[in-house]
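Have a look at input23.txt below; it lists compact mmCIF, C-alpha atoms.
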# COMPACT_ATOMS: atom_id res chain seq x y z
CA MET A 74 28.38 -13.11 -21.51
CA ASN A 75 30.65 -16.16 -21.46
CA ALA A 76 32.28 -15.02 -24.68
CA VAL A 77 33.22 -11.63 -23.19
CA THR A 78 36.98 -11.58 -22.68
CA THR A 79 37.93 -7.94 -22.05
CA ILE A 80 36.70 -5.21 -19.71
CA PRO A 81 35.67 -2.90 -22.61
CA GLU A 82 33.67 -5.75 -24.18
CA LEU A 83 32.06 -6.58 -20.85
CA MET A 84 31.02 -3.00 -20.22
CA ARG A 85 29.70 -2.50 -23.76
CA THR A 86 27.62 -5.66 -23.34
CA LEU A 87 26.22 -4.43 -20.02
CA GLY A 88 25.56 -1.02 -21.59
CA LEU A 89 23.70 -2.44 -24.58
CA GLN A 90 21.63 -4.72 -22.35
CA ALA A 91 20.81 -1.79 -20.04
CA ARG A 92 19.75 0.41 -22.97
CA CYS A 93 17.42 -2.33 -24.25
CA ALA A 94 16.04 -2.92 -20.75
CA ALA A 95 15.44 0.83 -20.28
CA ALA A 96 12.97 0.76 -23.17
CA GLY A 97 11.09 -2.06 -21.45
CA MET A 98 11.12 -0.25 -18.11
CA ALA A 99 9.74 2.92 -19.72
CA ARG A 100 6.74 0.84 -20.87
CA ALA A 101 6.26 -0.89 -17.51
CA THR A 102 2.99 -0.35 -15.69
CA ALA A 103 2.83 0.99 -12.15
CA ALA A 104 1.44 -2.38 -11.04
CA GLN A 105 4.42 -4.26 -12.49
CA LYS A 106 6.96 -1.98 -10.85
CA ASN A 107 5.20 -2.18 -7.49
CA ARG A 108 4.95 -5.97 -7.78
CA ALA A 109 8.72 -6.15 -8.32
CA LEU A 110 9.37 -3.93 -5.30
CA ARG A 111 7.14 -5.96 -3.01
CA ALA A 112 8.73 -9.17 -4.27
CA LEU A 113 12.17 -7.75 -3.53
CA ALA A 114 11.12 -6.85 0.02
CA ARG A 115 9.87 -10.40 0.55
CA LEU A 116 13.05 -11.94 -0.86
CA LEU A 117 15.27 -9.81 1.35
CA ARG A 118 13.45 -11.07 4.42
CA GLU A 119 13.43 -14.69 3.25
CA HIS A 120 17.16 -14.66 2.50
CA THR A 121 18.43 -12.63 5.49
CA ALA A 122 20.49 -15.54 6.88
CA ALA A 123 22.00 -16.43 3.50
CA LEU A 124 22.82 -12.78 2.80
CA GLN A 125 24.63 -12.51 6.12
CA THR A 126 26.69 -15.58 5.19
CA ASP A 127 27.81 -13.87 1.98
CA ASN A 128 28.38 -10.63 3.87
CA ALA A 129 30.59 -12.47 6.37
CA LYS A 130 32.98 -13.38 3.52
CA ASP A 131 33.35 -9.70 2.68
CA LEU A 132 33.79 -8.73 6.33
CA SER A 133 36.45 -11.38 6.80
CA ARG A 134 38.42 -10.16 3.78
CA ALA A 135 38.06 -6.55 4.93
CA GLN A 136 39.40 -7.41 8.37
CA ALA A 137 42.36 -9.26 6.88
CA ALA A 138 43.10 -6.31 4.58
CA GLY A 139 42.97 -3.82 7.46
CA LEU A 140 40.06 -1.82 6.03
CA ALA A 141 39.51 1.44 7.94
CA ALA A 142 36.92 1.17 10.73
CA PRO A 143 34.35 3.58 9.19
CA LEU A 144 34.44 1.65 5.90
CA ALA A 145 34.20 -1.72 7.66
CA ASP A 146 31.19 -0.42 9.59
CA ARG A 147 29.48 0.53 6.33
CA LEU A 148 30.13 -2.95 4.96
CA LYS A 149 27.96 -4.78 7.52
CA LEU A 150 24.60 -6.20 6.42
CA SER A 151 22.82 -6.61 9.74
CA PRO A 152 19.24 -7.94 9.95
CA GLN A 153 18.21 -4.38 10.84
CA THR A 154 19.93 -3.02 7.71
CA LEU A 155 18.18 -5.59 5.52
CA GLU A 156 14.82 -4.88 7.16
CA THR A 157 15.33 -1.15 6.47
CA CYS A 158 16.01 -2.01 2.81
CA ALA A 159 12.84 -4.13 2.67
CA LEU A 160 10.78 -1.36 4.26
CA GLY A 161 12.23 1.10 1.73
CA CYS A 162 11.06 -1.14 -1.12
CA GLU A 163 7.56 -1.33 0.37
CA GLN A 164 7.50 2.42 0.97
CA LEU A 165 8.39 3.00 -2.69
CA ALA A 166 5.71 0.53 -3.82
CA ALA A 167 3.10 2.47 -1.82
CA MET A 168 4.04 5.79 -3.38
CA PRO A 169 2.29 7.21 -6.46
CA ASP A 170 3.84 6.48 -9.84
CA ILE A 171 4.94 9.85 -11.22
CA ILE A 172 6.10 8.49 -14.58
CA GLY A 173 3.89 9.79 -17.37
CA SER A 174 2.27 12.46 -15.21
CA ILE A 175 1.67 15.77 -16.98
CA SER A 176 1.91 19.11 -15.21
CA GLY A 177 1.52 22.77 -16.09
CA MET A 178 -0.78 22.21 -19.06
CA SER A 179 -1.76 25.62 -20.42
CA GLN A 180 -3.67 26.90 -23.44
CA GLN A 181 -1.69 29.13 -25.81
CA PRO A 182 -3.07 31.88 -28.10
CA SER A 183 -2.38 29.65 -31.11
CA GLY A 184 -4.80 27.03 -29.78
CA ILE A 185 -2.19 24.44 -28.77
CA ARG A 186 -1.95 23.22 -25.19
CA VAL A 187 1.54 22.88 -23.71
CA GLY A 188 2.62 20.95 -20.63
CA GLN A 189 5.45 18.83 -19.25
CA MET A 190 5.55 15.06 -18.82
CA ARG A 191 7.66 13.27 -16.18
CA VAL A 192 9.80 10.58 -17.85
CA PRO A 193 12.67 8.28 -16.80
CA ILE A 194 16.23 9.44 -17.40
CA GLY A 195 16.99 6.11 -19.12
CA VAL A 196 20.14 4.40 -17.85
CA PHE A 197 22.17 5.46 -14.85
CA GLY A 198 25.48 4.11 -13.67
CA MET A 199 26.04 3.82 -9.93
CA ILE A 200 29.56 3.61 -8.50
CA TYR A 201 29.79 3.12 -4.75
CA GLU A 202 32.03 1.91 -1.96
CA SER A 203 31.52 -0.35 1.05
CA ARG A 204 27.78 -0.11 1.68
CA PRO A 205 26.14 -3.14 0.01
CA ASN A 206 22.68 -1.85 0.98
CA VAL A 207 23.21 0.76 -1.75
CA THR A 208 22.67 -2.09 -4.22
CA ILE A 209 19.07 -2.38 -3.00
CA GLU A 210 18.51 1.38 -2.71
CA ALA A 211 19.73 1.96 -6.27
CA ALA A 212 17.86 -1.02 -7.69
CA SER A 213 14.57 -0.16 -5.99
CA LEU A 214 14.71 3.46 -7.14
CA ALA A 215 15.57 2.35 -10.67
CA ILE A 216 12.53 0.08 -10.69
CA LYS A 217 10.11 2.70 -9.33
CA SER A 218 11.40 5.45 -11.63
CA GLY A 219 11.28 3.21 -14.72
CA ASN A 220 15.03 3.33 -15.36
CA ALA A 221 17.70 0.74 -15.99
CA CYS A 222 20.92 0.85 -14.00
CA ILE A 223 24.43 -0.57 -14.03
CA LEU A 224 25.82 -0.98 -10.54
CA ARG A 225 29.51 -1.09 -9.70
CA GLY A 226 30.01 -1.69 -5.98
CA GLY A 227 33.29 -1.72 -4.13
CA SER A 228 35.55 -4.75 -4.41
CA GLU A 229 35.33 -5.16 -0.64
CA ALA A 230 31.57 -5.95 -0.92
CA ILE A 231 31.58 -8.13 -4.05
CA ASP A 232 30.01 -11.26 -2.48
CA SER A 233 27.28 -9.27 -0.73
CA ASN A 234 26.50 -7.27 -3.85
CA LYS A 235 26.31 -10.35 -6.10
CA ALA A 236 23.86 -12.01 -3.71
CA LEU A 237 21.70 -8.89 -3.47
CA ALA A 238 21.72 -8.30 -7.24
CA ALA A 239 20.59 -11.88 -7.82
CA LEU A 240 17.55 -11.26 -5.61
CA VAL A 241 16.77 -8.04 -7.52
CA GLN A 242 16.79 -9.89 -10.83
CA GLN A 243 14.57 -12.60 -9.36
CA ALA A 244 12.08 -9.93 -8.26
CA LEU A 245 12.13 -8.31 -11.72
CA ALA A 246 11.45 -11.68 -13.35
CA GLU A 247 8.53 -12.34 -10.98
CA ALA A 248 6.96 -9.06 -12.11
CA GLY A 249 7.51 -9.72 -15.80
CA LEU A 250 10.09 -6.95 -16.14
CA PRO A 251 13.43 -7.18 -17.98
CA THR A 252 16.04 -8.66 -15.63
CA ASP A 253 18.75 -6.59 -17.30
CA ALA A 254 17.11 -3.47 -15.85
CA VAL A 255 19.45 -3.92 -12.88
CA GLN A 256 22.92 -5.28 -13.64
CA LEU A 257 25.90 -5.57 -11.32
CA VAL A 258 29.37 -5.25 -12.82
CA PRO A 259 30.72 -8.72 -11.97
CA THR A 260 34.40 -7.78 -11.85
CA THR A 261 36.42 -5.89 -9.25
CA ASP A 262 38.81 -4.61 -11.95
CA ARG A 263 38.96 -0.81 -11.63
CA ALA A 264 39.15 -0.48 -15.41
CA ALA A 265 35.40 -1.20 -15.44
CA VAL A 266 34.76 2.16 -13.77
CA GLY A 267 36.74 3.98 -16.45
CA GLU A 268 34.61 2.34 -19.13
CA LEU A 269 31.29 2.93 -17.36
CA ILE A 270 31.81 6.69 -17.02
CA THR A 271 32.84 7.13 -20.67
CA MET A 272 29.90 5.41 -22.41
CA PRO A 273 27.43 8.21 -23.23
CA GLN A 274 25.88 6.04 -25.91
CA TYR A 275 24.64 3.69 -23.16
CA VAL A 276 24.70 5.67 -19.89
CA ASP A 277 22.74 8.90 -19.36
CA VAL A 278 24.04 9.88 -15.91
CA VAL A 279 26.60 8.57 -13.42
CA ILE A 280 26.14 8.73 -9.65
CA PRO A 281 29.26 8.14 -7.54
CA ARG A 282 28.73 7.46 -3.85
CA GLY A 283 31.77 7.05 -1.66
CA GLY A 284 34.94 8.80 -0.55
CA LYS A 285 36.09 12.17 -1.78
CA GLY A 286 38.89 10.63 -3.85
CA LEU A 287 36.49 8.39 -5.77
CA ILE A 288 34.05 11.21 -6.48
CA GLU A 289 36.77 13.65 -7.59
CA ARG A 290 38.13 11.04 -9.99
CA ILE A 291 34.69 10.28 -11.45
CA SER A 292 33.87 13.99 -11.83
CA GLN A 293 37.17 14.65 -13.58
CA ASP A 294 37.12 11.73 -16.01
CA ALA A 295 33.43 11.21 -16.79
CA LYS A 296 32.06 11.88 -20.27
CA VAL A 297 28.47 11.72 -19.02
CA PRO A 298 26.73 14.00 -16.49
CA VAL A 299 27.52 13.30 -12.82
CA ILE A 300 25.22 13.69 -9.78
CA LYS A 301 27.52 13.98 -6.78
CA HIS A 302 28.57 15.31 -3.43
CA LEU A 303 32.23 15.36 -2.46
CA ASP A 304 31.94 15.32 1.33
CA GLY A 305 29.68 16.00 4.28
CA ASN A 306 31.08 18.72 6.51
CA CYS A 307 27.80 19.26 8.36
CA HIS A 308 27.27 21.95 11.00
CA THR A 309 24.95 22.33 13.96
CA TYR A 310 24.55 25.89 15.25
CA VAL A 311 23.25 26.44 18.80
CA ASP A 312 21.58 29.84 18.68
CA ASP A 313 20.82 32.45 21.33
CA PRO A 314 18.03 31.98 22.44
CA CYS A 315 17.83 28.18 22.52
CA ASP A 316 16.28 25.37 24.55
CA LEU A 317 19.56 24.01 25.89
CA ASP A 318 18.09 20.68 27.03
CA MET A 319 16.87 20.09 23.48
CA ALA A 320 20.21 21.24 22.08
CA LEU A 321 22.06 18.78 24.30
CA LYS A 322 19.96 15.88 23.01
CA VAL A 323 20.13 16.94 19.35
CA VAL A 324 23.87 17.71 19.21
CA ASP A 325 24.64 14.40 20.94
CA ASN A 326 22.58 12.51 18.35
CA ALA A 327 23.89 14.52 15.40
CA LYS A 328 27.49 13.68 16.30
CA THR A 329 27.51 10.34 18.12
CA GLN A 330 24.51 8.30 16.88
CA LYS A 331 26.86 7.05 14.13
CA TYR A 332 30.22 8.53 13.17
CA SER A 333 30.64 7.19 9.62
CA PRO A 334 27.69 8.71 7.66
CA CYS A 335 28.04 11.86 5.59
CA ASN A 336 25.17 13.52 7.51
CA ALA A 337 26.85 13.30 10.93
CA THR A 338 27.63 16.73 12.41
CA GLU A 339 31.34 17.49 12.15
CA SER A 340 31.35 21.09 13.40
CA LEU A 341 29.52 22.67 16.34
CA LEU A 342 28.92 26.42 16.37
CA VAL A 343 27.67 28.01 19.57
CA ALA A 344 26.40 31.56 20.08
CA ARG A 345 28.45 33.39 22.73
CA GLY A 346 25.31 34.27 24.69
CA VAL A 347 24.63 30.60 25.55
CA ALA A 348 28.16 29.21 25.39
CA ALA A 349 28.95 29.32 29.15
CA ALA A 350 25.70 27.50 29.96
CA PHE A 351 25.83 24.98 27.11
CA LEU A 352 29.42 24.08 26.23
CA PRO A 353 30.44 22.41 29.52
CA ARG A 354 27.28 20.26 29.37
CA ILE A 355 27.72 19.05 25.79
CA GLY A 356 31.46 18.78 26.38
CA GLN A 357 30.87 16.27 29.17
CA VAL A 358 28.54 14.23 26.97
CA LEU A 359 31.11 14.15 24.18
CA ALA A 360 34.00 13.41 26.54
CA ASP A 361 32.11 10.50 28.08
CA LYS A 362 31.74 9.01 24.60
CA GLY A 363 35.41 9.50 23.71
CA VAL A 364 34.89 12.30 21.19
CA GLU A 365 37.96 14.48 20.64
CA MET A 366 37.17 18.20 20.55
CA ARG A 367 39.14 20.58 18.32
CA CYS A 368 38.41 24.01 19.71
CA CYS A 369 38.74 27.71 19.07
CA PRO A 370 40.54 29.45 22.00
CA GLU A 371 37.33 30.64 23.67
CA SER A 372 35.57 27.27 23.50
CA LYS A 373 38.70 25.51 24.77
CA THR A 374 38.72 27.75 27.83
CA LEU A 375 35.08 26.92 28.60
CA LEU A 376 35.76 23.19 28.19
CA GLN A 377 38.90 22.98 30.34
CA ALA A 378 37.03 21.78 33.42
CA VAL A 379 35.25 18.93 31.59
CA LYS A 380 36.32 15.62 33.12
CA GLY A 381 38.14 13.34 30.68
CA ALA A 382 37.93 15.80 27.77
CA VAL A 383 40.45 15.47 24.95
CA LEU A 384 40.88 19.07 23.77
CA LYS A 385 43.03 20.22 20.88
CA ASP A 386 43.51 23.59 19.22
CA ALA A 387 41.54 23.79 15.98
CA THR A 388 43.49 24.63 12.84
CA GLU A 389 42.05 26.42 9.81
CA GLN A 390 41.72 23.02 8.10
CA ASP A 391 39.55 21.70 10.93
CA TRP A 392 36.73 24.05 9.92
CA PHE A 393 36.66 22.35 6.48
CA GLU A 394 37.11 18.78 7.73
CA GLU A 395 34.79 15.79 7.35
CA TYR A 396 36.11 13.50 10.10
CA LEU A 397 33.83 10.44 9.83
CA ALA A 398 35.23 9.68 13.29
CA PRO A 399 34.74 10.60 16.99
CA ILE A 400 36.16 14.08 16.43
CA ILE A 401 34.29 17.39 16.33
CA SER A 402 35.37 20.98 15.75
CA ILE A 403 33.87 23.62 18.08
CA LYS A 404 33.71 27.38 17.57
CA LEU A 405 32.01 30.27 19.35
CA VAL A 406 30.31 32.84 17.11
CA ASP A 407 28.74 36.22 17.83
CA GLY A 408 25.31 35.12 16.63
CA LEU A 409 23.22 34.24 13.59
CA ASP A 410 25.03 36.37 11.00
CA ALA A 411 28.44 34.98 11.99
CA ALA A 412 27.09 31.42 12.01
CA ILE A 413 25.61 31.74 8.52
CA ALA A 414 28.81 33.32 7.18
CA HIS A 415 30.97 30.59 8.73
CA ILE A 416 28.77 27.80 7.36
CA ASN A 417 28.59 29.21 3.84
CA HIS A 418 32.39 29.59 3.79
CA TYR A 419 33.47 26.26 5.32
CA SER A 420 30.52 23.93 4.73
CA SER A 421 30.45 21.33 1.97
CA HIS A 422 26.82 22.46 1.37
CA HIS A 423 25.44 19.07 2.40
CA THR A 424 23.36 19.51 5.60
CA ASP A 425 23.39 22.22 8.25
CA ALA A 426 21.12 22.73 11.26
CA ILE A 427 20.07 25.53 13.61
CA LEU A 428 18.75 24.96 17.14
CA THR A 429 16.81 28.05 18.16
CA LEU A 430 13.76 29.49 19.90
CA ASN A 431 13.71 32.51 17.58
CA HIS A 432 11.35 32.08 14.61
CA VAL A 433 12.91 34.91 12.60
CA HIS A 434 16.36 33.36 13.08
CA SER A 435 15.11 29.99 11.87
CA GLN A 436 13.55 31.55 8.76
CA ARG A 437 16.71 33.47 7.92
CA PHE A 438 18.86 30.38 8.44
CA MET A 439 16.67 28.36 6.07
CA ARG A 440 16.76 31.06 3.39
CA GLU A 441 20.40 32.09 3.64
CA VAL A 442 22.36 28.89 4.33
CA ASP A 443 23.41 27.57 0.93
CA SER A 444 23.12 23.83 1.54
CA ALA A 445 21.20 20.93 0.03
CA SER A 446 19.38 20.31 3.34
CA VAL A 447 18.75 22.94 6.03
CA ILE A 448 17.29 21.72 9.32
CA VAL A 449 15.61 23.58 12.18
CA ASN A 450 15.59 22.06 15.68
CA ALA A 451 16.46 18.50 14.67
CA SER A 452 19.52 16.33 14.08
CA THR A 453 21.51 16.50 10.84
CA ARG A 454 21.29 12.68 10.83
CA PHE A 455 17.79 13.05 9.35
CA ALA A 456 19.27 14.11 5.97
CA ASP A 457 18.47 10.81 4.31
CA GLY A 458 16.08 9.66 1.60
CA PHE A 459 14.36 7.08 3.80
CA GLU A 460 13.88 9.59 6.64
CA TYR A 461 12.58 12.18 4.15
CA GLY A 462 9.92 9.75 2.94
CA LEU A 463 11.51 9.12 -0.46
CA GLY A 464 11.48 5.36 0.12
CA ALA A 465 15.20 5.21 -0.52
CA GLU A 466 17.89 7.43 -1.92
CA ILE A 467 20.38 6.99 -4.71
CA GLY A 468 22.72 9.43 -2.99
CA ILE A 469 22.86 13.02 -1.84
CA SER A 470 23.60 15.77 -4.33
CA THR A 471 25.26 19.05 -3.44
CA ASP A 472 25.07 20.16 -7.06
CA LYS A 473 22.53 22.80 -8.04
CA PHE A 474 20.96 21.38 -11.14
CA HIS A 475 17.75 19.30 -11.16
CA ALA A 476 18.71 16.97 -8.28
CA ARG A 477 19.77 18.49 -4.94
CA GLY A 478 19.82 16.88 -1.50
CA PRO A 479 18.72 13.24 -1.12
CA VAL A 480 18.02 11.97 -4.64
CA GLY A 481 14.87 9.86 -4.85
CA ILE A 482 12.44 9.09 -7.67
CA GLU A 483 12.14 12.62 -9.05
CA GLY A 484 15.92 13.00 -9.16
CA LEU A 485 16.06 10.03 -11.53
CA THR A 486 13.53 11.51 -13.93
CA SER A 487 13.40 14.32 -16.42
CA LEU A 488 10.69 16.49 -17.91
CA LYS A 489 9.83 16.70 -21.58
CA TYR A 490 7.41 19.12 -23.18
CA VAL A 491 4.20 17.71 -24.62
CA VAL A 492 2.02 19.68 -27.00
CA LEU A 493 -1.62 18.83 -27.72
CA GLY A 494 -3.24 20.27 -30.79
CA ALA A 495 -6.24 19.95 -33.07
CA GLY A 496 -4.70 20.68 -36.46
CA GLU A 497 -3.11 24.06 -35.59
CA VAL A 498 -0.37 25.37 -37.88
CA ARG A 499 2.04 28.19 -37.19
CA GLY A 500 1.38 31.39 -39.09
Entire entry expressed as structure tokens:
Amino acid sequence: MNAVTTIPELMRTLGLQARCAAAGMARATAAQKNRALRALARLLREHTAALQTDNAKDLSRAQAAGLAAPLADRLKLSPQTLETCALGCEQLAAMPDIIGSISGMSQQPSGIRVGQMRVPIGVFGMIYESRPNVTIEAASLAIKSGNACILRGGSEAIDSNKALAALVQQALAEAGLPTDAVQLVPTTDRAAVGELITMPQYVDVVIPRGGKGLIERISQDAKVPVIKHLDGNCHTYVDDPCDLDMALKVVDNAKTQKYSPCNATESLLVARGVAAAFLPRIGQVLADKGVEMRCCPESKTLLQAVKGAVLKDATEQDWFEEYLAPIISIKLVDGLDAAIAHINHYSSHHTDAILTLNHVHSQRFMREVDSASVIVNASTRFADGFEYGLGAEIGISTDKFHARGPVGIEGLTSLKYVVLGAGEVRG
């Protein structure tokens, strides 16, 4: 690596090393992969203080550069964040190894038996911004799914990512696995991204995770398949009938538990039949937490008496908007049909929720809302690989091919046909 002098040479070297490592990972036993994951969990806990020291360098630079508050928030590596990463590694280690499993085996008239085997994709490239914990999520999923990966984190998190990647490689070595199975691009030069997404000879799929601008650029320029979502304009619809005490708790959590994630609710739809009883109550909760409300005319009228409320008229663009901030759009709708139509038109097809007491309404909402995650009577903030029991997630896909919603182990694998015979020939 010392002899590498240009970005194209660097990326080709990383690509070749990843391709070689992928062959080793495909041969890895379940015990080896689980040993690496448990070692990584242990190392994260042992090095929490040191990791926070490295993270502090990134945070200091971000503050000096005036990084936007939501991005700075994502940059923090708190002890709780690191413990969540460690738990994710252990959760993955405890899960069954699906690699090599065969499903759908069926006997054909010719005598052959045909089925499908679950196999690793090979090499994936991960491009992400701010959140250094993504380094661990991507690495742990690569290990469990038997893939190799090349990680390119944001320049604002370079010290944190280097420290985390070093622990990953230490864990791989402890388990007797190729350390090049997880490689971090060591440069902050943006030209590295352009190389990574145009190396189909080394990279099988690219997964961008970050702002809309980054993902649009990757999608436009990539010469390899992309698993992506552009934004998270998530909706919560309060139906008629609804348990309004539950709705108050859930909407509050969905919007205010954390403003920066892509699964935070950005738009609140309320059925007219419950609006007078519900809107002033949730409006007061939001006002008390400093959330600006961008309202349709009817909802604005119902919220006028809320003490301390910051009310603005919603524009057409507000219905499309992902705020990632203490802002929410609010609209009254006639009922279920209008809510579904609004969501399917304005949603980014990420995560949408219904709060209802009507079973038929919940079933229709689940069937008809065209989103990667559809939630009944719970917060949109649950749309997450860890919360879904995937151990970790590589990202959330709003595409409609093999990976949709939080992408865990299965999303990083493929199926190939296997045929078992006993000397059959085709007539």
| Nearest to Val324 (chain A), chosen from A:Leu124, A:Leu359, A:Val347, A:Leu488, with all atoms listed in the file counted in the distances |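 Smallest separation from Val324 (chain A) among the options: A:Leu359.
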| task | Check the smallest atom-to-atom distance from each of A:Ala123, A:Thr388, A:Met439, A:Arg345 to Glu371 (chain A) using all atoms listed in the file, then report the winner. | result |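 Among the listed residues, the smallest separation from Glu371 (chain A) belongs to A:Arg345.
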| Shortest interatomic distance to Arg108 (chain A) - which of A:Cys162, A:Ala211, A:Ile413, A:Leu341, counting all atoms listed in the file |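 Answer, going by the shortest atom-to-atom distance: A:Cys162.
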| request: Pick out the closest residue to Leu110 (chain A) from this set: A:Glu247, A:Glu156, A:Asp407, A:Glu289. Count only C-alpha atoms. | output: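 Under the stated criterion, the closest residue is A:Glu247.
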| Which is closer to Ser151 (chain A) than all the others in A:Asp127, A:Asp325, A:Asp318, A:Glu163, using all atoms listed in the file? | A:Asp127
| field | One-decimal distance in Å that lies between CA of Glu229 (chain A) and CA of Arg134 (chain A) | value | 7.4 Å
| What is the CA of Leu250 (chain A)-CA of Asp277 (chain A) distance in Å, reported with one decimal? |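 Separating CA of Leu250 (chain A) from CA of Asp277 (chain A) is a distance of 20.5 Å.
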Excluding Asp304 (chain A) and residues on its chain fewer than 5 positions from it, collect all residues at most 7 Å away from it, counting only C-alpha atoms, and give them as a PDB file with C-alpha atoms, in the coordinates of the input.
ATOM      1  CA  LYS A 285      36.090  12.170  -1.780  1.00  0.00           C
ATOM      2  CA  CYS A 335      28.040  11.860   5.590  1.00  0.00           C
ATOM      3  CA  GLU A 395      34.790  15.790   7.350  1.00  0.00           C
ATOM      4  CA  SER A 421      30.450  21.330   1.970  1.00  0.00           C
TER       5      SER A 421
END
| said: From the options A:Leu148, A:Ala426, A:Ala382, A:Met190, which residue's atoms come nearest to Gly226 (chain A), counting only C-alpha atoms? | reply: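 Under the stated criterion, the closest residue is A:Leu148.
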| Exercise: residues within 9 Å of coordinate (18.1, 4.9, -11.9), counting only C-alpha atoms, as a PyMOL selection string | chain A and resi 193-199+211-223+255+278+467+482+484-486
| task | List every protein, DNA or RNA residue that has at least one atom no more than 7 Å from (34.7, 6.4, -11.8) in the file's coordinates, counting all atoms listed in the file, and write the result as a list in words. | result | Ile200, Val266, Gly267, Ile270, Leu287, Arg290 and Ile291 of chain A
Where atoms are lacking, region 87-92 of chain A completed to all heavy atoms, as an mmCIF file, in the coordinates of the input:
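Heads up, here's the output in selection-v4.cif:
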data_model
loop_
_atom_site.group_PDB
_atom_site.id
_atom_site.type_symbol
_atom_site.label_atom_id
_atom_site.label_comp_id
_atom_site.auth_asym_id
_atom_site.auth_seq_id
_atom_site.Cartn_x
_atom_site.Cartn_y
_atom_site.Cartn_z
ATOM 1 N N LEU A 87 27.115 -4.882 -21.084
ATOM 2 C CA LEU A 87 26.220 -4.430 -20.020
ATOM 3 C C LEU A 87 25.467 -3.172 -20.451
ATOM 4 O O LEU A 87 24.275 -3.018 -20.172
ATOM 5 C CB LEU A 87 27.016 -4.141 -18.741
ATOM 6 C CG LEU A 87 27.662 -5.333 -18.025
ATOM 7 C CD1 LEU A 87 28.450 -4.850 -16.814
ATOM 8 C CD2 LEU A 87 26.619 -6.354 -17.602
ATOM 9 N N GLY A 88 26.176 -2.269 -21.132
ATOM 10 C CA GLY A 88 25.560 -1.020 -21.590
ATOM 11 C C GLY A 88 24.453 -1.267 -22.595
ATOM 12 O O GLY A 88 23.362 -0.671 -22.497
ATOM 13 N N LEU A 89 24.704 -2.135 -23.559
ATOM 14 C CA LEU A 89 23.700 -2.440 -24.580
ATOM 15 C C LEU A 89 22.481 -3.109 -23.947
ATOM 16 O O LEU A 89 21.334 -2.777 -24.265
ATOM 17 C CB LEU A 89 24.308 -3.354 -25.646
ATOM 18 C CG LEU A 89 23.395 -3.728 -26.817
ATOM 19 C CD1 LEU A 89 22.932 -2.482 -27.565
ATOM 20 C CD2 LEU A 89 24.099 -4.692 -27.767
ATOM 21 N N GLN A 90 22.732 -4.041 -23.019
ATOM 22 C CA GLN A 90 21.630 -4.720 -22.350
ATOM 23 C C GLN A 90 20.821 -3.731 -21.496
ATOM 24 O O GLN A 90 19.590 -3.815 -21.439
ATOM 25 C CB GLN A 90 22.171 -5.865 -21.481
ATOM 26 C CG GLN A 90 22.702 -7.021 -22.313
ATOM 27 C CD GLN A 90 23.411 -8.094 -21.506
ATOM 28 O OE1 GLN A 90 23.737 -9.155 -22.043
ATOM 29 N NE2 GLN A 90 23.675 -7.849 -20.243
ATOM 30 N N ALA A 91 21.506 -2.790 -20.851
ATOM 31 C CA ALA A 91 20.810 -1.790 -20.040
ATOM 32 C C ALA A 91 19.955 -0.884 -20.920
ATOM 33 O O ALA A 91 18.812 -0.555 -20.566
ATOM 34 C CB ALA A 91 21.812 -0.958 -19.254
ATOM 35 N N ARG A 92 20.491 -0.479 -22.066
ATOM 36 C CA ARG A 92 19.750 0.410 -22.970
ATOM 37 C C ARG A 92 18.489 -0.295 -23.472
ATOM 38 O O ARG A 92 17.403 0.309 -23.540
ATOM 39 C CB ARG A 92 20.643 0.834 -24.135
ATOM 40 C CG ARG A 92 20.027 1.840 -25.071
ATOM 41 C CD ARG A 92 19.609 3.119 -24.366
ATOM 42 N NE ARG A 92 20.707 4.020 -24.108
ATOM 43 C CZ ARG A 92 20.663 5.043 -23.268
ATOM 44 N NH1 ARG A 92 19.548 5.293 -22.599
ATOM 45 N NH2 ARG A 92 21.691 5.821 -23.072
#
